[in-house]
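Shown below: coords_16.txt, with compact mmCIF, C-alpha atoms.
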# COMPACT_ATOMS: atom_id res chain seq x y z
CA MET A 190 0.00 0.00 0.00
CA ARG A 191 1.38 3.41 -0.98
CA ASN A 192 2.40 5.79 1.75
CA ILE A 193 0.46 9.03 2.12
CA LYS A 194 2.60 12.13 2.41
CA LEU A 195 1.79 15.77 3.02
CA LYS A 196 2.80 18.82 1.07
CA ILE A 197 4.07 21.30 3.65
CA LYS A 198 5.02 24.96 3.57
CA TYR A 199 7.62 26.55 5.85
CA GLN A 200 6.08 28.05 8.98
CA LYS A 201 7.68 31.09 10.64
CA ASN A 202 6.04 30.43 14.01
CA ASN A 203 5.13 27.44 16.13
CA THR A 204 1.43 27.32 15.29
CA PRO A 205 -0.07 23.99 14.23
CA ILE A 206 0.14 23.26 10.50
CA ILE A 207 -3.05 22.52 8.56
CA LEU A 208 -2.50 20.56 5.38
CA ARG A 209 -4.30 18.84 2.54
CA VAL A 210 -3.16 15.27 2.01
CA VAL A 211 -1.49 14.56 -1.34
CA LYS A 212 0.16 11.36 -2.52
CA HIS A 213 3.90 11.77 -2.91
CA ILE A 214 4.85 10.61 -6.39
CA SER A 215 8.20 12.16 -7.32
CA LEU A 216 11.32 11.69 -5.21
CA PHE A 217 12.76 15.10 -5.97
CA ASP A 218 10.06 16.81 -3.90
CA ARG A 219 11.05 14.97 -0.73
CA LYS A 220 12.50 18.18 0.77
CA ASN A 221 9.04 19.73 0.83
CA SER A 222 7.19 16.65 2.06
CA ILE A 223 6.88 14.78 5.31
CA LEU A 224 5.79 11.23 6.05
CA LEU A 225 3.21 10.94 8.80
CA SER A 226 4.44 8.93 11.77
CA ASP A 227 2.45 6.18 13.47
CA GLN A 228 2.03 8.41 16.53
CA ILE A 229 -1.59 9.31 15.92
CA THR A 230 -3.93 10.71 18.54
CA SER A 231 -7.65 11.40 18.58
CA ALA A 232 -9.43 14.70 17.96
CA TRP A 233 -11.86 16.02 20.59
CA GLY A 234 -12.03 12.67 22.34
CA TYR A 235 -12.89 10.58 19.29
CA GLN A 236 -10.56 8.08 17.61
CA VAL A 237 -10.84 9.54 14.12
CA ILE A 238 -7.68 8.00 12.71
CA ALA A 239 -6.64 4.45 13.48
CA ASN A 240 -3.07 3.31 14.08
CA ASN A 241 -1.50 4.11 10.72
CA THR A 242 -1.64 6.69 7.99
CA ASN A 243 -2.93 4.33 5.31
CA GLU A 244 -6.41 5.36 6.40
CA LEU A 245 -5.75 8.88 5.12
CA ASN A 246 -6.83 9.56 1.56
CA GLU A 247 -5.85 12.16 -0.95
CA GLY A 248 -7.83 15.33 -0.32
CA ASP A 249 -8.22 14.76 3.43
CA ILE A 250 -7.30 17.76 5.57
CA VAL A 251 -5.27 17.26 8.73
CA ARG A 252 -3.70 19.33 11.47
CA ILE A 253 -0.23 18.51 12.80
CA SER A 254 0.56 19.82 16.25
CA GLN A 255 3.94 20.96 17.54
CA GLN A 256 4.25 17.53 19.17
CA GLY A 257 3.78 15.79 15.83
CA ASP A 258 0.28 14.52 16.59
CA CYS A 259 -2.05 14.30 13.60
CA PHE A 260 -5.73 15.23 13.71
CA LEU A 261 -8.12 14.53 10.84
CA LEU A 262 -10.16 17.71 10.29
CA TRP A 263 -11.89 16.92 6.99
CA LYS A 264 -12.47 13.60 5.24
CA TYR A 265 -12.52 13.90 1.45
CA GLY A 266 -15.91 13.10 -0.07
CA SER A 267 -17.69 12.45 3.25
CA VAL A 268 -21.10 14.05 3.91
CA HIS A 269 -20.38 14.11 7.66
CA ASN A 270 -17.70 16.81 7.79
CA SER A 271 -18.15 19.71 10.21
CA LEU A 272 -16.70 23.13 10.85
CA PHE A 273 -16.38 23.08 14.64
CA THR A 274 -17.05 26.72 15.44
CA THR A 275 -16.65 26.80 19.21
CA GLY A 276 -16.68 24.58 22.26
CA ALA A 277 -18.67 27.17 24.20
CA CYS A 278 -22.40 26.70 24.72
CA ASN A 279 -25.23 28.56 26.45
CA VAL A 280 -27.09 25.43 27.62
CA ARG A 281 -26.11 22.37 29.66
CA CYS A 282 -28.09 19.48 28.21
CA LYS A 283 -27.84 16.35 30.36
CA MET A 284 -27.38 14.10 27.33
CA CYS A 285 -24.83 16.27 25.47
CA PRO A 286 -22.12 14.04 23.92
CA GLN A 287 -19.69 16.94 23.72
CA PRO A 288 -19.64 18.95 26.97
CA PRO A 289 -19.08 22.71 26.63
CA THR A 290 -15.57 24.10 26.89
CA LYS A 291 -14.03 27.56 26.84
CA ASP A 292 -14.10 29.22 23.43
CA ASP A 293 -10.95 28.88 21.35
CA SER A 294 -10.85 31.71 18.81
CA THR A 295 -8.16 29.92 16.76
CA LEU A 296 -10.84 27.46 15.62
CA HIS A 297 -12.27 30.17 13.39
CA GLU A 298 -9.02 30.65 11.49
CA GLN A 299 -8.67 26.88 11.28
CA ASN A 300 -12.13 26.60 9.70
CA LEU A 301 -11.36 29.31 7.15
CA LYS A 302 -8.15 27.45 6.28
CA ILE A 303 -10.11 24.22 5.80
CA LEU A 304 -12.51 25.93 3.39
CA LYS A 305 -9.63 27.42 1.42
CA LEU A 306 -7.91 24.02 1.15
CA LEU A 307 -10.97 22.30 -0.33
CA LYS A 308 -10.34 21.54 -4.00
CA TYR A 309 -13.73 20.00 -4.76
CA ASP A 310 -17.38 20.96 -4.26
CA PRO A 311 -18.53 19.34 -1.00
CA LYS A 312 -22.11 18.09 -0.98
CA VAL A 313 -22.68 18.98 2.68
CA ILE A 314 -21.00 21.27 5.20
CA CYS A 315 -22.15 21.14 8.81
CA ILE A 316 -21.53 24.08 11.14
CA SER A 317 -21.45 22.85 14.72
CA GLY A 318 -20.29 23.50 18.26
CA GLY A 319 -20.88 24.06 21.16
CA GLU A 320 -23.37 26.65 20.08
CA PRO A 321 -22.23 28.27 16.82
CA THR A 322 -24.66 31.20 17.03
CA LEU A 323 -22.74 32.54 20.02
CA PHE A 324 -20.42 33.90 17.31
CA PRO A 325 -22.67 34.83 14.38
CA GLU A 326 -19.87 36.81 12.73
CA ARG A 327 -17.93 33.57 12.28
CA ILE A 328 -20.90 31.88 10.63
CA ILE A 329 -21.30 34.85 8.30
CA ASP A 330 -17.65 34.48 7.25
CA TYR A 331 -18.29 30.82 6.40
CA PHE A 332 -21.49 31.73 4.56
CA ASN A 333 -19.73 34.34 2.45
CA TYR A 334 -16.99 31.89 1.44
CA ILE A 335 -19.46 29.09 0.69
CA ASN A 336 -21.67 31.41 -1.38
CA LYS A 337 -18.69 32.39 -3.49
CA HIS A 338 -16.97 29.02 -3.91
CA PHE A 339 -19.57 26.29 -3.21
CA PRO A 340 -22.98 27.86 -3.96
CA SER A 341 -24.75 24.52 -4.48
CA CYS A 342 -23.54 23.03 -1.18
CA GLN A 343 -26.03 21.95 1.48
CA VAL A 344 -25.27 23.71 4.79
CA ASP A 345 -26.60 22.44 8.12
CA ILE A 346 -26.27 24.58 11.26
CA LEU A 347 -26.66 22.73 14.57
CA THR A 348 -28.15 25.19 17.06
CA ASN A 349 -30.44 25.55 20.06
CA ALA A 350 -31.73 28.80 18.45
CA ILE A 351 -31.70 30.68 21.77
CA ASN A 352 -29.54 33.47 20.33
CA LEU A 353 -31.79 33.56 17.28
CA SER A 354 -34.60 34.85 19.50
CA ASP A 355 -32.92 38.19 18.77
CA PHE A 356 -34.48 39.02 15.41
CA GLN A 357 -31.55 41.09 14.17
CA THR A 358 -29.13 38.22 14.79
CA ALA A 359 -31.41 35.82 12.95
CA LYS A 360 -31.84 38.34 10.12
CA ASN A 361 -28.10 38.89 9.70
CA LEU A 362 -27.57 35.15 9.30
CA ALA A 363 -30.56 34.73 6.99
CA LEU A 364 -29.39 37.50 4.68
CA THR A 365 -26.07 35.75 4.05
CA ALA A 366 -27.16 32.10 4.33
CA PRO A 367 -26.47 29.95 1.24
CA LEU A 368 -29.57 28.88 -0.67
CA ARG A 369 -29.55 25.32 0.71
CA THR A 370 -29.11 26.14 4.39
CA THR A 371 -31.03 24.33 7.14
CA PHE A 372 -31.10 25.42 10.77
CA CYS A 373 -31.20 22.17 12.79
CA VAL A 374 -32.73 23.20 16.11
CA SER A 375 -32.57 21.12 19.28
CA LEU A 376 -35.90 21.30 21.10
CA HIS A 377 -36.68 18.37 23.38
CA ALA A 378 -39.99 19.24 25.00
CA ASP A 379 -43.41 20.79 24.63
CA THR A 380 -43.29 22.67 27.92
CA ALA A 381 -40.85 25.13 29.47
CA ASP A 382 -40.46 23.05 32.65
CA LEU A 383 -39.51 19.89 30.77
CA GLN A 384 -37.08 21.71 28.49
CA ARG A 385 -35.44 23.33 31.53
CA GLU A 386 -35.14 19.93 33.22
CA ILE A 387 -33.25 18.66 30.18
CA ASN A 388 -31.04 21.64 29.29
CA GLY A 389 -30.78 23.42 32.63
CA VAL A 390 -31.63 26.90 31.31
CA ALA A 391 -34.44 29.10 32.63
CA ASN A 392 -36.46 30.72 29.85
CA GLY A 393 -34.55 28.61 27.27
CA PHE A 394 -37.77 27.07 25.97
CA ASN A 395 -39.42 30.42 25.19
CA ARG A 396 -36.28 31.76 23.53
CA THR A 397 -35.82 28.64 21.38
CA VAL A 398 -39.45 28.83 20.26
CA GLN A 399 -38.98 32.52 19.44
CA GLY A 400 -35.81 31.68 17.52
CA ILE A 401 -37.71 29.14 15.43
CA MET A 402 -40.44 31.70 14.77
CA ASN A 403 -37.87 34.28 13.67
CA LEU A 404 -36.30 31.79 11.25
CA ALA A 405 -39.75 31.05 9.85
CA LYS A 406 -40.46 34.78 9.34
CA LEU A 407 -37.16 34.97 7.48
CA ARG A 408 -38.17 31.99 5.30
CA GLN A 409 -35.32 29.76 6.42
CA ARG A 410 -35.38 25.98 6.27
CA ILE A 411 -35.90 24.52 9.74
CA GLU A 412 -35.32 21.04 11.11
CA ILE A 413 -36.33 20.32 14.71
CA ARG A 414 -34.33 17.68 16.57
CA PRO A 415 -35.69 16.30 19.86
CA VAL A 416 -33.28 13.86 21.54
CA ILE A 417 -35.21 11.05 23.24
CA THR A 418 -34.31 10.71 26.94
CA GLN A 419 -35.67 9.31 30.16
CA GLN A 420 -37.16 12.75 30.84
CA ASN A 421 -39.26 13.11 27.67
CA TYR A 422 -39.94 9.71 26.10
CA GLN A 423 -43.38 9.35 27.75
CA TYR A 424 -44.45 12.65 26.19
CA LEU A 425 -43.29 12.08 22.61
CA SER A 426 -46.81 12.14 21.19
CA ASP A 427 -47.52 15.40 23.03
CA ILE A 428 -44.28 16.83 21.66
CA ALA A 429 -45.26 15.74 18.14
CA LEU A 430 -48.62 17.49 18.45
CA PHE A 431 -46.92 20.60 19.81
CA PHE A 432 -44.58 20.68 16.80
CA TYR A 433 -47.47 20.29 14.36
CA ARG A 434 -49.64 22.94 15.97
CA ASN A 435 -46.88 25.51 16.44
CA PHE A 436 -44.37 24.76 13.68
CA PRO A 437 -46.37 23.46 10.68
CA PHE A 438 -43.83 25.29 8.50
CA ALA A 439 -40.93 23.12 9.72
CA ASP A 440 -39.25 21.29 6.86
CA HIS A 441 -38.30 18.27 8.93
CA ILE A 442 -38.72 16.71 12.36
CA ALA A 443 -35.98 14.26 13.38
CA PHE A 444 -36.35 12.14 16.52
CA MET A 445 -32.84 11.40 17.80
CA GLY A 446 -31.39 8.42 19.63
CA GLN A 447 -28.63 9.02 22.18
CA GLU A 448 -24.86 8.93 21.86
CA ILE A 449 -23.49 7.87 25.26
CA ILE A 450 -20.34 9.90 25.70
CA GLY A 451 -19.53 13.18 27.47
CA TYR A 452 -22.37 14.42 29.67
CA ALA A 453 -24.55 11.55 28.45
CA ALA A 454 -22.10 9.03 29.91
CA ARG A 455 -21.81 11.02 33.14
CA HIS A 456 -25.60 11.20 33.54
CA PHE A 457 -26.28 7.76 32.05
CA GLU A 458 -28.53 6.47 34.85
CA ASN A 459 -30.66 9.62 34.70
CA ILE A 460 -31.03 10.06 30.93
CA TRP A 461 -30.78 6.64 29.27
CA VAL A 462 -33.89 4.87 28.07
CA ASP A 463 -33.65 1.85 25.79
CA PRO A 464 -35.33 2.37 22.38
CA LEU A 465 -37.25 -0.84 23.06
CA ASP A 466 -38.94 0.92 25.96
CA TYR A 467 -40.09 3.95 23.97
CA GLN A 468 -40.87 2.16 20.72
CA GLN A 469 -44.64 2.51 21.14
CA GLU A 470 -44.52 6.22 21.95
CA LEU A 471 -42.07 6.89 19.11
CA CYS A 472 -44.24 5.10 16.55
CA LYS A 473 -47.31 7.00 17.75
CA SER A 474 -45.42 10.28 17.34
CA ILE A 475 -44.31 9.34 13.83
CA ASP A 476 -47.92 8.52 12.92
CA ILE A 477 -49.15 11.89 14.21
CA LEU A 478 -46.67 13.89 12.14
CA ASP A 479 -46.81 11.68 9.06
CA GLN A 480 -50.60 11.76 8.95
CA LYS A 481 -50.48 15.55 9.25
CA GLY A 482 -48.23 15.68 6.18
CA MET A 483 -45.05 16.65 8.00
CA ASN A 484 -41.65 15.29 6.99
CA VAL A 485 -40.50 13.07 9.89
CA SER A 486 -37.44 10.86 10.38
CA VAL A 487 -35.69 8.78 13.01
CA TYR A 488 -31.96 9.31 13.53
CA ASN A 489 -29.41 7.16 15.38
CA ILE A 490 -31.69 4.16 16.03
CA PRO A 491 -30.84 0.78 14.40
CA LEU A 492 -33.50 -0.77 12.17
CA CYS A 493 -33.88 -3.84 14.38
CA LEU A 494 -35.24 -1.59 17.14
CA LEU A 495 -38.12 -0.36 14.98
CA PRO A 496 -41.21 -2.27 13.82
CA THR A 497 -41.00 -3.19 10.13
CA HIS A 498 -43.54 -0.56 9.01
CA TYR A 499 -41.56 2.25 10.66
CA ARG A 500 -38.13 1.40 9.29
CA LYS A 501 -38.81 3.56 6.24
CA PHE A 502 -38.55 6.60 8.53
CA ALA A 503 -35.05 5.68 9.76
CA ARG A 504 -32.00 7.35 8.22
CA ARG A 505 -28.30 6.46 8.06
CA SER A 506 -27.60 9.38 10.32
CA ILE A 507 -24.51 8.58 12.40
CA SER A 508 -21.33 10.30 11.23
CA ASP A 509 -19.19 7.80 9.33
CA TRP A 510 -16.26 8.17 11.72
CA LYS A 511 -18.46 7.27 14.71
CA GLN A 512 -20.61 4.63 13.03
CA GLY A 513 -20.13 0.88 13.40
CA ASN A 514 -21.89 -2.42 14.01
CA LEU A 515 -21.84 -4.99 16.77
CA PRO A 516 -20.59 -8.55 16.13
CA ILE A 517 -24.17 -9.79 16.37
CA CYS A 518 -25.07 -7.65 13.34
CA LYS A 519 -22.78 -9.56 10.97
CA ASN A 520 -25.53 -11.58 9.24
CA CYS A 521 -28.26 -8.93 9.37
CA SER A 522 -30.23 -8.70 6.12
CA VAL A 523 -30.61 -4.89 6.35
CA LEU A 524 -27.07 -4.12 7.46
CA THR A 525 -26.28 -1.82 4.51
CA GLU A 526 -29.42 0.27 5.10
CA CYS A 527 -29.05 0.49 8.88
CA CYS A 528 -27.46 3.45 10.68
CA GLY A 529 -25.63 1.00 12.94
CA VAL A 530 -24.55 2.15 16.39
CA PHE A 531 -22.33 4.81 17.90
CA LEU A 532 -18.91 3.26 18.43
CA THR A 533 -18.32 6.14 20.84
CA SER A 534 -21.02 4.70 23.13
CA GLY A 535 -18.89 1.63 23.83
CA SER A 536 -20.81 -1.12 25.58
CA LYS A 537 -23.78 1.14 26.37
CA GLN A 538 -26.07 -0.19 23.65
CA SER A 539 -29.70 -1.29 23.46
CA ARG A 540 -30.49 -4.75 24.78
CA GLY A 541 -32.70 -5.25 21.73
CA ILE A 542 -30.07 -5.18 18.97
CA THR A 543 -30.42 -8.36 16.96
CA PRO A 544 -29.94 -9.30 13.29
CA VAL A 545 -32.94 -8.86 11.01
CA THR A 546 -33.45 -12.16 9.19
CA GLY A 547 -36.16 -11.11 6.75
CA VAL A 548 -37.11 -7.96 4.90

Rewrite the structure of this file - the entire thing - as structure tokens.
Amino acid sequence: MRNIKLKIKYQKNNTPIILRVVKHISLFDRKNSILLSDQITSAWGYQVIANNTNELNEGDIVRISQQGDCFLLWKYGSVHNSLFTTGACNVRCKMCPQPPTKDDSTLHEQNLKILKLLKYDPKVICISGGEPTLFPERIIDYFNYINKHFPSCQVDILTNAINLSDFQTAKNLALTAPLRTTFCVSLHADTADLQREINGVANGFNRTVQGIMNLAKLRQRIEIRPVITQQNYQYLSDIALFFYRNFPFADHIAFMGQEIIGYAARHFENIWVDPLDYQQELCKSIDILDQKGMNVSVYNIPLCLLPTHYRKFARRSISDWKQGNLPICKNCSVLTECCGVFLTSGSKQSRGITPVTGV
């Protein structure tokens, strides 16, 4: 197997180097190339590169630290790449897989460098955090670059929409948003008390609802993403009715299974509910929205945990670098259609995972 090498430019300071992977073909260019070592570490707690550089492909974008550690920032051709805007967040959701951290302003320059290094038209760019709308000026910079260089790209912004309750902030983003932008809003309840129990923020429910309304006034595409937890699974049908009655304009409702890492792992006993135990309520919620003509999906839940009729609503939603299957899934007849499981969740998986033997 051919080695993957990186084209590298001389750096005058000690800042990390961000590079696009290219295959080294000619020997004369060796002075300007480096061979990645086997000393690979993970990025943000996830094992994104295995134990050797053969898993890197031409067009991937990596960061090399002063210590020589390599972090995969962008996987060529994947639809699961993200621009990680900030680790800071204005909520404290019990089931958050990526707990908030202090903002690192260098991430913004890193993201701009990633965009400039892209030499193809990506199908999807996700803007994530933390809470990206804490720094709307950063998002606007990304929007401006995407509009100029990748105008047909789908852009997904993961947000709790609290900051978008300020109409001017929402308007500034809407005015620069690429044509195919979707605001993916996390809203986990139909009441303020339940939302506060989940995300720990007083008045967060009202502000998220107002943010959604502002996006609707500005004619933005909206996806609402409730994560199913021990706190809300008994009320899923009520939540579905609330979404229909208040957000009939929403382009998509996506019920989300849990990733057990970060806060979710810390609060496991208080937030985990097996999909087998909320299957009835989930199916009832899907029926409510589907019968009302709303676009509804299920993310992060393996097909074997859904009744046959409801598998058509499931999507291969787990990011490719987190997605995997359990040994028991080997002979499953729907393995290629299934989202699989979060490898990041380790052994904390549903007791109901079993191979599907018939279609």

Computed interatomic separation between atom CA of Tyr452 of chain A and atom CA of Leu404 of chain A (Å): 28.9 Å

Computed interatomic separation between atom CA of Val462 of chain A and atom CA of Arg414 of chain A (Å):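 Between atom CA of Val462 of chain A and atom CA of Arg414 of chain A the gap is 17.2 Å.
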
Atom CA of Glu320 of chain A to atom CA of Ile346 of chain A, distance in Å rounded to a single decimal: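 Atom-to-atom, atom CA of Glu320 of chain A to atom CA of Ile346 of chain A, that is 9.5 Å.
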
Find the residues around Leu471 of chain A up to 12 Å (all atoms listed in the file counted), leave out those fewer than 2 positions away in its own chain, and share them as a short mmCIF file (atom, residue, chain, number, x, y, z; two decimals) with C-alpha atoms, keeping the file's coordinate frame.
data_model
loop_
_atom_site.label_atom_id
_atom_site.label_comp_id
_atom_site.auth_asym_id
_atom_site.auth_seq_id
_atom_site.Cartn_x
_atom_site.Cartn_y
_atom_site.Cartn_z
CA PRO A 415 -35.69 16.30 19.86
CA VAL A 416 -33.28 13.86 21.54
CA ILE A 417 -35.21 11.05 23.24
CA THR A 418 -34.31 10.71 26.94
CA ASN A 421 -39.26 13.11 27.67
CA TYR A 422 -39.94 9.71 26.10
CA GLN A 423 -43.38 9.35 27.75
CA TYR A 424 -44.45 12.65 26.19
CA LEU A 425 -43.29 12.08 22.61
CA SER A 426 -46.81 12.14 21.19
CA ASP A 427 -47.52 15.40 23.03
CA ILE A 428 -44.28 16.83 21.66
CA ALA A 429 -45.26 15.74 18.14
CA ALA A 443 -35.98 14.26 13.38
CA PHE A 444 -36.35 12.14 16.52
CA MET A 445 -32.84 11.40 17.80
CA GLY A 446 -31.39 8.42 19.63
CA ASP A 463 -33.65 1.85 25.79
CA PRO A 464 -35.33 2.37 22.38
CA LEU A 465 -37.25 -0.84 23.06
CA ASP A 466 -38.94 0.92 25.96
CA TYR A 467 -40.09 3.95 23.97
CA GLN A 468 -40.87 2.16 20.72
CA GLN A 469 -44.64 2.51 21.14
CA LYS A 473 -47.31 7.00 17.75
CA SER A 474 -45.42 10.28 17.34
CA ILE A 475 -44.31 9.34 13.83
CA ASP A 476 -47.92 8.52 12.92
CA ILE A 477 -49.15 11.89 14.21
CA LEU A 478 -46.67 13.89 12.14
CA VAL A 485 -40.50 13.07 9.89
CA SER A 486 -37.44 10.86 10.38
CA VAL A 487 -35.69 8.78 13.01
CA TYR A 488 -31.96 9.31 13.53
CA ILE A 490 -31.69 4.16 16.03
CA LEU A 494 -35.24 -1.59 17.14
CA LEU A 495 -38.12 -0.36 14.98
CA PRO A 496 -41.21 -2.27 13.82
CA TYR A 499 -41.56 2.25 10.66
CA ARG A 500 -38.13 1.40 9.29
CA PHE A 502 -38.55 6.60 8.53
CA ALA A 503 -35.05 5.68 9.76
#

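Of the listed residues (A:Gln419, A:Cys278, A:Leu353, A:Ile303), A:Gln419 comes nearest to His456 of chain A; the distances count all atoms listed in the file.
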
Enumerate, as a compact mmCIF listing (two decimals) with C-alpha atoms, keeping the file's coordinate frame, the protein, DNA and RNA residues whose atoms approach (-8.5, 19.8, 10.7) to within 10 Å, taking into account all atoms listed in the file and the coordinate frame of the file.
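Here's the written file selection24.txt:
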# COMPACT_ATOMS: atom_id res chain seq x y z
CA ILE A 206 0.14 23.26 10.50
CA ILE A 207 -3.05 22.52 8.56
CA LEU A 208 -2.50 20.56 5.38
CA ARG A 209 -4.30 18.84 2.54
CA ALA A 232 -9.43 14.70 17.96
CA ASP A 249 -8.22 14.76 3.43
CA ILE A 250 -7.30 17.76 5.57
CA VAL A 251 -5.27 17.26 8.73
CA ARG A 252 -3.70 19.33 11.47
CA ILE A 253 -0.23 18.51 12.80
CA CYS A 259 -2.05 14.30 13.60
CA PHE A 260 -5.73 15.23 13.71
CA LEU A 261 -8.12 14.53 10.84
CA LEU A 262 -10.16 17.71 10.29
CA TRP A 263 -11.89 16.92 6.99
CA LYS A 264 -12.47 13.60 5.24
CA SER A 271 -18.15 19.71 10.21
CA LEU A 272 -16.70 23.13 10.85
CA PHE A 273 -16.38 23.08 14.64
CA LEU A 296 -10.84 27.46 15.62
CA GLN A 299 -8.67 26.88 11.28
CA ASN A 300 -12.13 26.60 9.70
CA LYS A 302 -8.15 27.45 6.28
CA ILE A 303 -10.11 24.22 5.80

Pro321 of chain A environment, 9 Å, only C-alpha atoms, sequence neighbours closer than 4 positions dropped, as JSON, numbers by chain: {"A": [273, 274, 275, 276, 277, 278, 316, 317, 325, 327, 328, 346, 347, 348]}

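Between Asp310 of chain A and the residues A:Leu245, A:Ile335, A:Cys528, A:Met284, the shortest atom-to-atom distance, using all atoms listed in the file, involves A:Ile335.
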
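The residue that comes closest to Lys337 of chain A, out of A:Lys360, A:Lys305, A:Arg540, A:His441 and on the basis of only C-alpha atoms, is A:Lys305.
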
Would you compute an axis-aligned box for segment 282-289 of chain A, covering every atom listed for it in the file with 3 Å of margin on each side, and report centre and edge lengths in Å to one decimal as JSON?
{"center_x": -23.6, "center_y": 18.4, "center_z": 27.0, "size_x": 15.0, "size_y": 14.7, "size_z": 12.6}

Given only C-alpha atoms as the counted atoms, nearest of A:Gly451, A:Pro311, A:Gly318, A:Pro491 to Val344 of chain A: A:Pro311
